[in-house]
Amino acid sequence: MDAKNSIALNDLLKWGIEHTTASEDAPPTTAPRPEPLDPKWVDIILGKPDAVRMRDCMSAMTAPATDLSARTAAADELEMLVEQIDNAMDLKACKLWSPLFAVQRDMTVEPEMRMYANWIVATAVQNNPKAAKDWQDAGGLDVLVDAVRVRETEDPAVVAKLVAIVSALTSLSPEFIALMHSRGILADLAALLQLSPRHASSKRVLHMLAYLLDAAPKLALLFAAPGWMARAVRVQIEGLVPASISTTTDSAEADEEGDDLGVDMDHLEKALRFVVTVSRALAEPGKSVAAWPMRPDEYRWVQEQAHAAVKRDKDAIEPELVAELDALVAEVYSQ
């Protein structure tokens, strides 16, 4: 290629470059705007906010046309959501306390739904003073009082969650203990201990009352009426240790015989703790035998049941509790 043609080609290349890059004066091209993302896909990818889920659960719980399994599933999800302290406090912001109370009060819905409503309340207020205050401000105390009043005819599972509400609230502060006492809630639940046959929630009640008596010993006056403790203790303990065990003299034989009898030693231990705690709370220096909440022979019977249980299994009851009971009975008989 001669020099003349080479120069011409260079000029052409230069011209081409200049004209292909000189596009600054041309109007800028704009990319097409993307189509807005459907919110349902955002929910699928990121999940709904908990507040939205809580409202959805309540809507499903209270939908009359929804079958029971769907409503209980929604209630179960709401109960799990309010396990988180922030979500429990959001019940107020989401305006969910009132519909929750409505389910608690509604005697026409299935007991399962009232049970779940009570469970949600108990979970929300547990270790959560702010949620407990919101519950109280929203009128929860009146709902609780009314629910406890029908304890004897209510489904046992519903009552169990009522006890859970009271336990959760009274563990927060002495003020809640006083409130439950002043409104008669503790006395009403304690009355379950005298129902024969034993109420399914009686073990929970025994445990709660023993804890409350440690915190507020004066509550023992609830059980000071003549005959109250004797009847309650007889109902709670009788039959827990079968006669075949209580009359067995050989420890190994008792262990073998009692293994499959379904003896509820945990219930027995809670009943014994209740006896000791109430009796000590009511005790006064130099008090007479007549002033104890039970007669000496009734204390002796309780002691015999405890020792029969230990005969079956030496680890069935805390040795310290048995020792406390023995000392109590000895004191009663010494006066």
# chains A, B, ... in the order shown; residues from 1 in each chain; ligands from 1
call {"tool": "residues_around", "arguments": {"residues": "region 270-272 of chain A", "least_positions_apart": "3", "cutoff": "8 Å", "atoms": "only C-alpha atoms", "output": "PyMOL selection string"}}
result
chain A and resi 203+206-207+233+236-237+266-267+275-276+302+306+321+325
call {"tool": "write_last_selection", "arguments": {"atoms": "N, CA and C atoms", "output": "mmCIF file, in the first residue's frame"}}
result
data_model
loop_
_atom_site.group_PDB
_atom_site.id
_atom_site.type_symbol
_atom_site.label_atom_id
_atom_site.label_comp_id
_atom_site.auth_asym_id
_atom_site.auth_seq_id
_atom_site.Cartn_x
_atom_site.Cartn_y
_atom_site.Cartn_z
ATOM 1 N N LYS A 203 -53.729 -28.986 91.091
ATOM 2 C CA LYS A 203 -52.286 -29.014 91.337
ATOM 3 C C LYS A 203 -51.667 -27.660 91.004
ATOM 4 N N LEU A 206 -52.548 -25.285 93.859
ATOM 5 C CA LEU A 206 -51.706 -25.539 95.040
ATOM 6 C C LEU A 206 -50.334 -24.893 94.875
ATOM 7 N N HIS A 207 -49.750 -25.073 93.713
ATOM 8 C CA HIS A 207 -48.421 -24.518 93.456
ATOM 9 C C HIS A 207 -48.443 -22.990 93.510
ATOM 10 N N VAL A 233 -57.500 -30.495 102.046
ATOM 11 C CA VAL A 233 -56.351 -31.398 102.090
ATOM 12 C C VAL A 233 -56.792 -32.844 101.885
ATOM 13 N N GLN A 236 -57.427 -33.312 98.218
ATOM 14 C CA GLN A 236 -56.214 -33.265 97.407
ATOM 15 C C GLN A 236 -55.305 -34.477 97.600
ATOM 16 N N ILE A 237 -55.283 -35.052 98.782
ATOM 17 C CA ILE A 237 -54.322 -36.111 99.072
ATOM 18 C C ILE A 237 -54.922 -37.508 98.999
ATOM 19 N N ASP A 266 -45.882 -35.657 92.439
ATOM 20 C CA ASP A 266 -45.735 -34.209 92.326
ATOM 21 C C ASP A 266 -46.940 -33.496 92.939
ATOM 22 N N HIS A 267 -48.123 -34.037 92.696
ATOM 23 C CA HIS A 267 -49.341 -33.466 93.298
ATOM 24 C C HIS A 267 -49.285 -33.592 94.819
ATOM 25 N N VAL A 275 -49.873 -27.496 102.954
ATOM 26 C CA VAL A 275 -50.211 -27.708 104.371
ATOM 27 C C VAL A 275 -49.182 -27.027 105.274
ATOM 28 N N VAL A 276 -47.915 -27.260 104.994
ATOM 29 C CA VAL A 276 -46.857 -26.700 105.838
ATOM 30 C C VAL A 276 -46.857 -25.178 105.750
ATOM 31 N N VAL A 302 -52.106 -36.741 107.371
ATOM 32 C CA VAL A 302 -51.274 -36.179 106.296
ATOM 33 C C VAL A 302 -49.842 -36.708 106.417
ATOM 34 N N ALA A 306 -47.525 -38.971 103.699
ATOM 35 C CA ALA A 306 -46.189 -38.577 103.261
ATOM 36 C C ALA A 306 -45.188 -39.710 103.462
ATOM 37 N N LEU A 321 -38.866 -31.292 103.058
ATOM 38 C CA LEU A 321 -40.299 -31.096 103.234
ATOM 39 C C LEU A 321 -40.861 -32.102 104.227
ATOM 40 N N LEU A 325 -42.687 -31.262 107.794
ATOM 41 C CA LEU A 325 -43.994 -31.787 108.169
ATOM 42 C C LEU A 325 -43.914 -32.526 109.495
#
call {"tool": "residues_around", "arguments": {"residues": "Trp97 (chain A)", "least_positions_apart": "2", "cutoff": "10 Å", "atoms": "only C-alpha atoms", "output": "PDB file with all heavy atoms, in the first residue's frame"}}
result
ATOM      1  N   ASP A  90     -47.501  -4.571  71.667  1.00  0.00           N
ATOM      2  CA  ASP A  90     -48.210  -4.069  70.489  1.00  0.00           C
ATOM      3  C   ASP A  90     -49.682  -4.486  70.451  1.00  0.00           C
ATOM      4  O   ASP A  90     -50.420  -4.034  69.567  1.00  0.00           O
ATOM      5  CB  ASP A  90     -47.515  -4.556  69.215  1.00  0.00           C
ATOM      6  CG  ASP A  90     -46.287  -3.715  68.876  1.00  0.00           C
ATOM      7  OD1 ASP A  90     -46.146  -2.620  69.463  1.00  0.00           O
ATOM      8  OD2 ASP A  90     -45.480  -4.156  68.036  1.00  0.00           O
ATOM      9  N   LEU A  91     -50.106  -5.345  71.371  1.00  0.00           N
ATOM     10  CA  LEU A  91     -51.537  -5.685  71.421  1.00  0.00           C
ATOM     11  C   LEU A  91     -52.381  -4.431  71.597  1.00  0.00           C
ATOM     12  O   LEU A  91     -53.486  -4.332  71.059  1.00  0.00           O
ATOM     13  CB  LEU A  91     -51.799  -6.667  72.564  1.00  0.00           C
ATOM     14  CG  LEU A  91     -51.354  -8.116  72.334  1.00  0.00           C
ATOM     15  CD1 LEU A  91     -51.441  -8.911  73.644  1.00  0.00           C
ATOM     16  CD2 LEU A  91     -52.208  -8.777  71.262  1.00  0.00           C
ATOM     17  N   LYS A  92     -51.863  -3.468  72.358  1.00  0.00           N
ATOM     18  CA  LYS A  92     -52.590  -2.220  72.555  1.00  0.00           C
ATOM     19  C   LYS A  92     -52.622  -1.407  71.263  1.00  0.00           C
ATOM     20  O   LYS A  92     -53.697  -0.951  70.831  1.00  0.00           O
ATOM     21  CB  LYS A  92     -51.939  -1.403  73.668  1.00  0.00           C
ATOM     22  CG  LYS A  92     -52.593  -0.043  73.898  1.00  0.00           C
ATOM     23  CD  LYS A  92     -51.888   0.734  75.003  1.00  0.00           C
ATOM     24  CE  LYS A  92     -52.526   2.109  75.201  1.00  0.00           C
ATOM     25  NZ  LYS A  92     -51.841   2.862  76.302  1.00  0.00           N
ATOM     26  N   ALA A  93     -51.466  -1.219  70.630  1.00  0.00           N
ATOM     27  CA  ALA A  93     -51.404  -0.427  69.405  1.00  0.00           C
ATOM     28  C   ALA A  93     -52.228  -1.050  68.289  1.00  0.00           C
ATOM     29  O   ALA A  93     -52.826  -0.327  67.470  1.00  0.00           O
ATOM     30  CB  ALA A  93     -49.947  -0.278  68.960  1.00  0.00           C
ATOM     31  N   CYS A  94     -52.288  -2.362  68.274  1.00  0.00           N
ATOM     32  CA  CYS A  94     -53.070  -3.063  67.238  1.00  0.00           C
ATOM     33  C   CYS A  94     -54.551  -3.178  67.591  1.00  0.00           C
ATOM     34  O   CYS A  94     -55.321  -3.769  66.834  1.00  0.00           O
ATOM     35  CB  CYS A  94     -52.487  -4.453  67.006  1.00  0.00           C
ATOM     36  SG  CYS A  94     -50.827  -4.456  66.285  1.00  0.00           S
ATOM     37  N   LYS A  95     -54.918  -2.647  68.774  1.00  0.00           N
ATOM     38  CA  LYS A  95     -56.313  -2.686  69.228  1.00  0.00           C
ATOM     39  C   LYS A  95     -56.857  -4.132  69.283  1.00  0.00           C
ATOM     40  O   LYS A  95     -57.959  -4.420  68.831  1.00  0.00           O
ATOM     41  CB  LYS A  95     -57.204  -1.834  68.311  1.00  0.00           C
ATOM     42  CG  LYS A  95     -56.841  -0.348  68.318  1.00  0.00           C
ATOM     43  CD  LYS A  95     -57.744   0.434  67.409  1.00  0.00           C
ATOM     44  CE  LYS A  95     -57.598   1.935  67.528  1.00  0.00           C
ATOM     45  NZ  LYS A  95     -56.308   2.465  67.953  1.00  0.00           N
ATOM     46  N   PRO A  99     -61.039  -7.404  71.245  1.00  0.00           N
ATOM     47  CA  PRO A  99     -61.523  -8.657  70.635  1.00  0.00           C
ATOM     48  C   PRO A  99     -61.051  -9.900  71.377  1.00  0.00           C
ATOM     49  O   PRO A  99     -61.756 -10.920  71.398  1.00  0.00           O
ATOM     50  CB  PRO A  99     -60.959  -8.601  69.212  1.00  0.00           C
ATOM     51  CG  PRO A  99     -59.891  -7.576  69.225  1.00  0.00           C
ATOM     52  CD  PRO A  99     -60.258  -6.600  70.284  1.00  0.00           C
ATOM     53  N   LEU A 100     -59.889  -9.806  72.006  1.00  0.00           N
ATOM     54  CA  LEU A 100     -59.408 -10.943  72.793  1.00  0.00           C
ATOM     55  C   LEU A 100     -60.310 -11.161  74.003  1.00  0.00           C
ATOM     56  O   LEU A 100     -60.685 -12.302  74.330  1.00  0.00           O
ATOM     57  CB  LEU A 100     -57.972 -10.681  73.229  1.00  0.00           C
ATOM     58  CG  LEU A 100     -57.159 -11.850  73.780  1.00  0.00           C
ATOM     59  CD1 LEU A 100     -57.108 -12.996  72.781  1.00  0.00           C
ATOM     60  CD2 LEU A 100     -55.744 -11.384  74.111  1.00  0.00           C
ATOM     61  N   PHE A 101     -60.681 -10.077  74.668  1.00  0.00           N
ATOM     62  CA  PHE A 101     -61.598 -10.179  75.807  1.00  0.00           C
ATOM     63  C   PHE A 101     -62.951 -10.740  75.367  1.00  0.00           C
ATOM     64  O   PHE A 101     -63.596 -11.488  76.112  1.00  0.00           O
ATOM     65  CB  PHE A 101     -61.804  -8.804  76.442  1.00  0.00           C
ATOM     66  CG  PHE A 101     -60.571  -8.227  77.089  1.00  0.00           C
ATOM     67  CD1 PHE A 101     -60.477  -6.858  77.331  1.00  0.00           C
ATOM     68  CD2 PHE A 101     -59.508  -9.037  77.464  1.00  0.00           C
ATOM     69  CE1 PHE A 101     -59.346  -6.320  77.929  1.00  0.00           C
ATOM     70  CE2 PHE A 101     -58.367  -8.506  78.066  1.00  0.00           C
ATOM     71  CZ  PHE A 101     -58.293  -7.139  78.295  1.00  0.00           C
ATOM     72  N   ALA A 102     -63.386 -10.360  74.183  1.00  0.00           N
ATOM     73  CA  ALA A 102     -64.682 -10.832  73.686  1.00  0.00           C
ATOM     74  C   ALA A 102     -64.682 -12.354  73.538  1.00  0.00           C
ATOM     75  O   ALA A 102     -65.677 -13.021  73.848  1.00  0.00           O
ATOM     76  CB  ALA A 102     -65.007 -10.160  72.346  1.00  0.00           C
ATOM     77  N   VAL A 121     -53.481 -14.249  76.719  1.00  0.00           N
ATOM     78  CA  VAL A 121     -53.367 -13.231  77.765  1.00  0.00           C
ATOM     79  C   VAL A 121     -52.247 -13.592  78.734  1.00  0.00           C
ATOM     80  O   VAL A 121     -51.404 -12.750  79.085  1.00  0.00           O
ATOM     81  CB  VAL A 121     -54.701 -13.066  78.518  1.00  0.00           C
ATOM     82  CG1 VAL A 121     -54.522 -12.148  79.734  1.00  0.00           C
ATOM     83  CG2 VAL A 121     -55.772 -12.504  77.598  1.00  0.00           C
ATOM     84  N   ASP A 134     -51.248  -2.488  80.235  1.00  0.00           N
ATOM     85  CA  ASP A 134     -52.170  -2.317  79.102  1.00  0.00           C
ATOM     86  C   ASP A 134     -53.392  -3.209  79.280  1.00  0.00           C
ATOM     87  O   ASP A 134     -54.531  -2.792  78.997  1.00  0.00           O
ATOM     88  CB  ASP A 134     -51.459  -2.664  77.791  1.00  0.00           C
ATOM     89  CG  ASP A 134     -50.366  -1.669  77.440  1.00  0.00           C
ATOM     90  OD1 ASP A 134     -50.368  -0.559  77.993  1.00  0.00           O
ATOM     91  OD2 ASP A 134     -49.497  -2.020  76.606  1.00  0.00           O
ATOM     92  N   TRP A 135     -53.164  -4.459  79.704  1.00  0.00           N
ATOM     93  CA  TRP A 135     -54.267  -5.396  79.960  1.00  0.00           C
ATOM     94  C   TRP A 135     -55.221  -4.811  81.000  1.00  0.00           C
ATOM     95  O   TRP A 135     -56.443  -4.843  80.817  1.00  0.00           O
ATOM     96  CB  TRP A 135     -53.684  -6.726  80.443  1.00  0.00           C
ATOM     97  CG  TRP A 135     -54.670  -7.692  81.018  1.00  0.00           C
ATOM     98  CD1 TRP A 135     -55.433  -8.590  80.333  1.00  0.00           C
ATOM     99  CD2 TRP A 135     -55.022  -7.842  82.399  1.00  0.00           C
ATOM    100  NE1 TRP A 135     -56.230  -9.301  81.201  1.00  0.00           N
ATOM    101  CE2 TRP A 135     -55.993  -8.861  82.485  1.00  0.00           C
ATOM    102  CE3 TRP A 135     -54.597  -7.227  83.578  1.00  0.00           C
ATOM    103  CZ2 TRP A 135     -56.552  -9.264  83.694  1.00  0.00           C
ATOM    104  CZ3 TRP A 135     -55.150  -7.634  84.782  1.00  0.00           C
ATOM    105  CH2 TRP A 135     -56.112  -8.636  84.835  1.00  0.00           C
ATOM    106  N   ASP A 137     -55.570  -1.611  81.957  1.00  0.00           N
ATOM    107  CA  ASP A 137     -56.198  -0.385  81.466  1.00  0.00           C
ATOM    108  C   ASP A 137     -57.320  -0.687  80.468  1.00  0.00           C
ATOM    109  O   ASP A 137     -58.291   0.074  80.360  1.00  0.00           O
ATOM    110  CB  ASP A 137     -55.160   0.523  80.799  1.00  0.00           C
ATOM    111  CG  ASP A 137     -54.155   1.092  81.797  1.00  0.00           C
ATOM    112  OD1 ASP A 137     -54.439   1.045  83.006  1.00  0.00           O
ATOM    113  OD2 ASP A 137     -53.095   1.569  81.353  1.00  0.00           O
ATOM    114  N   ALA A 138     -57.180  -1.803  79.744  1.00  0.00           N
ATOM    115  CA  ALA A 138     -58.185  -2.160  78.742  1.00  0.00           C
ATOM    116  C   ALA A 138     -59.406  -2.834  79.349  1.00  0.00           C
ATOM    117  O   ALA A 138     -60.386  -3.106  78.636  1.00  0.00           O
ATOM    118  CB  ALA A 138     -57.559  -3.068  77.682  1.00  0.00           C
ATOM    119  N   GLY A 139     -59.373  -3.121  80.662  1.00  0.00           N
ATOM    120  CA  GLY A 139     -60.518  -3.759  81.321  1.00  0.00           C
ATOM    121  C   GLY A 139     -60.369  -5.238  81.547  1.00  0.00           C
ATOM    122  O   GLY A 139     -61.356  -5.941  81.805  1.00  0.00           O
ATOM    123  N   GLY A 140     -59.140  -5.733  81.488  1.00  0.00           N
ATOM    124  CA  GLY A 140     -58.919  -7.167  81.635  1.00  0.00           C
ATOM    125  C   GLY A 140     -59.281  -7.731  82.992  1.00  0.00           C
ATOM    126  O   GLY A 140     -59.659  -8.901  83.102  1.00  0.00           O
TER     127      GLY A 140
END
call {"tool": "select_by_dssp", "arguments": {"residues": "region 39-247 of chain A", "states": "alpha helix (DSSP H)", "output": "VMD selection string"}}
result
chain A and resid 39 to 46 50 to 61 68 to 81 85 to 93 97 to 105 111 to 125 129 to 137 140 to 149 156 to 170 174 to 182 185 to 190 202 to 215 228 to 237 243 to 246
call {"tool": "closest_residue", "arguments": {"among": "A:Arg151, A:Leu186, A:Met89, A:Arg105", "to": "Val125 (chain A)", "atoms": "only C-alpha atoms"}}
result
A:Met89
call {"tool": "atom_distance", "arguments": {"atom1": "CA of Leu68 (chain A)", "atom2": "CA of Leu141 (chain A)"}}
result
27.3 Å
call {"tool": "residues_around", "arguments": {"residues": "Ala60 (chain A)", "least_positions_apart": "4", "cutoff": "9 Å", "atoms": "only C-alpha atoms", "output": "list in words"}}
result
Arg55, Asp56, Pro64, Thr66, Ala70, Arg71, Thr72, Ala73, Ala74 and Ala75 of chain A
call {"tool": "residues_around", "arguments": {"residues": "Val158 (chain A)", "least_positions_apart": "5", "cutoff": "7 Å", "atoms": "only C-alpha atoms", "output": "MDAnalysis selection string"}}
result
chainID A and resid 111 114:115
call {"tool": "write_last_selection", "arguments": {"atoms": "all heavy atoms", "output": "PDB file, in the first residue's frame"}}
result
ATOM      1  N   PRO A 111     -64.954 -24.305  73.816  1.00  0.00           N
ATOM      2  CA  PRO A 111     -64.023 -24.109  74.933  1.00  0.00           C
ATOM      3  C   PRO A 111     -62.573 -23.948  74.474  1.00  0.00           C
ATOM      4  O   PRO A 111     -61.801 -23.239  75.115  1.00  0.00           O
ATOM      5  CB  PRO A 111     -64.199 -25.381  75.770  1.00  0.00           C
ATOM      6  CG  PRO A 111     -65.554 -25.882  75.435  1.00  0.00           C
ATOM      7  CD  PRO A 111     -65.784 -25.514  74.002  1.00  0.00           C
ATOM      8  N   ARG A 114     -61.855 -20.283  74.019  1.00  0.00           N
ATOM      9  CA  ARG A 114     -61.684 -19.554  75.286  1.00  0.00           C
ATOM     10  C   ARG A 114     -60.360 -19.930  75.947  1.00  0.00           C
ATOM     11  O   ARG A 114     -59.680 -19.091  76.546  1.00  0.00           O
ATOM     12  CB  ARG A 114     -62.854 -19.820  76.232  1.00  0.00           C
ATOM     13  CG  ARG A 114     -64.172 -19.246  75.745  1.00  0.00           C
ATOM     14  CD  ARG A 114     -65.213 -19.197  76.859  1.00  0.00           C
ATOM     15  NE  ARG A 114     -65.528 -20.506  77.402  1.00  0.00           N
ATOM     16  CZ  ARG A 114     -66.358 -21.380  76.842  1.00  0.00           C
ATOM     17  NH1 ARG A 114     -66.959 -21.079  75.699  1.00  0.00           N
ATOM     18  NH2 ARG A 114     -66.604 -22.547  77.397  1.00  0.00           N
ATOM     19  N   MET A 115     -60.000 -21.204  75.818  1.00  0.00           N
ATOM     20  CA  MET A 115     -58.721 -21.646  76.376  1.00  0.00           C
ATOM     21  C   MET A 115     -57.568 -20.897  75.712  1.00  0.00           C
ATOM     22  O   MET A 115     -56.666 -20.379  76.386  1.00  0.00           O
ATOM     23  CB  MET A 115     -58.554 -23.154  76.179  1.00  0.00           C
ATOM     24  CG  MET A 115     -57.289 -23.744  76.785  1.00  0.00           C
ATOM     25  SD  MET A 115     -55.803 -23.628  75.732  1.00  0.00           S
ATOM     26  CE  MET A 115     -56.228 -24.803  74.441  1.00  0.00           C
TER      27      MET A 115
END
call {"tool": "atom_distance", "arguments": {"atom1": "CA of Ala122 (chain A)", "atom2": "CA of Val163 (chain A)"}}
result
8.8 Å
call {"tool": "closest_residue", "arguments": {"among": "A:Ala132, A:Ala281, A:Leu268, A:Leu222", "to": "Glu318 (chain A)", "atoms": "only C-alpha atoms"}}
result
A:Leu268
call {"tool": "atom_distance", "arguments": {"atom1": "CA of Ile177 (chain A)", "atom2": "CA of Leu192 (chain A)"}}
result
18.5 Å
call {"tool": "closest_residue", "arguments": {"among": "A:Ala330, A:Phe274, A:Met107, A:Leu212", "to": "Met180 (chain A)", "atoms": "only C-alpha atoms"}}
result
A:Leu212
call {"tool": "closest_residue", "arguments": {"among": "A:Arg53, A:Lys130, A:Gly227, A:Gln305", "to": "Ala291 (chain A)", "atoms": "only C-alpha atoms"}}
result
A:Gly227
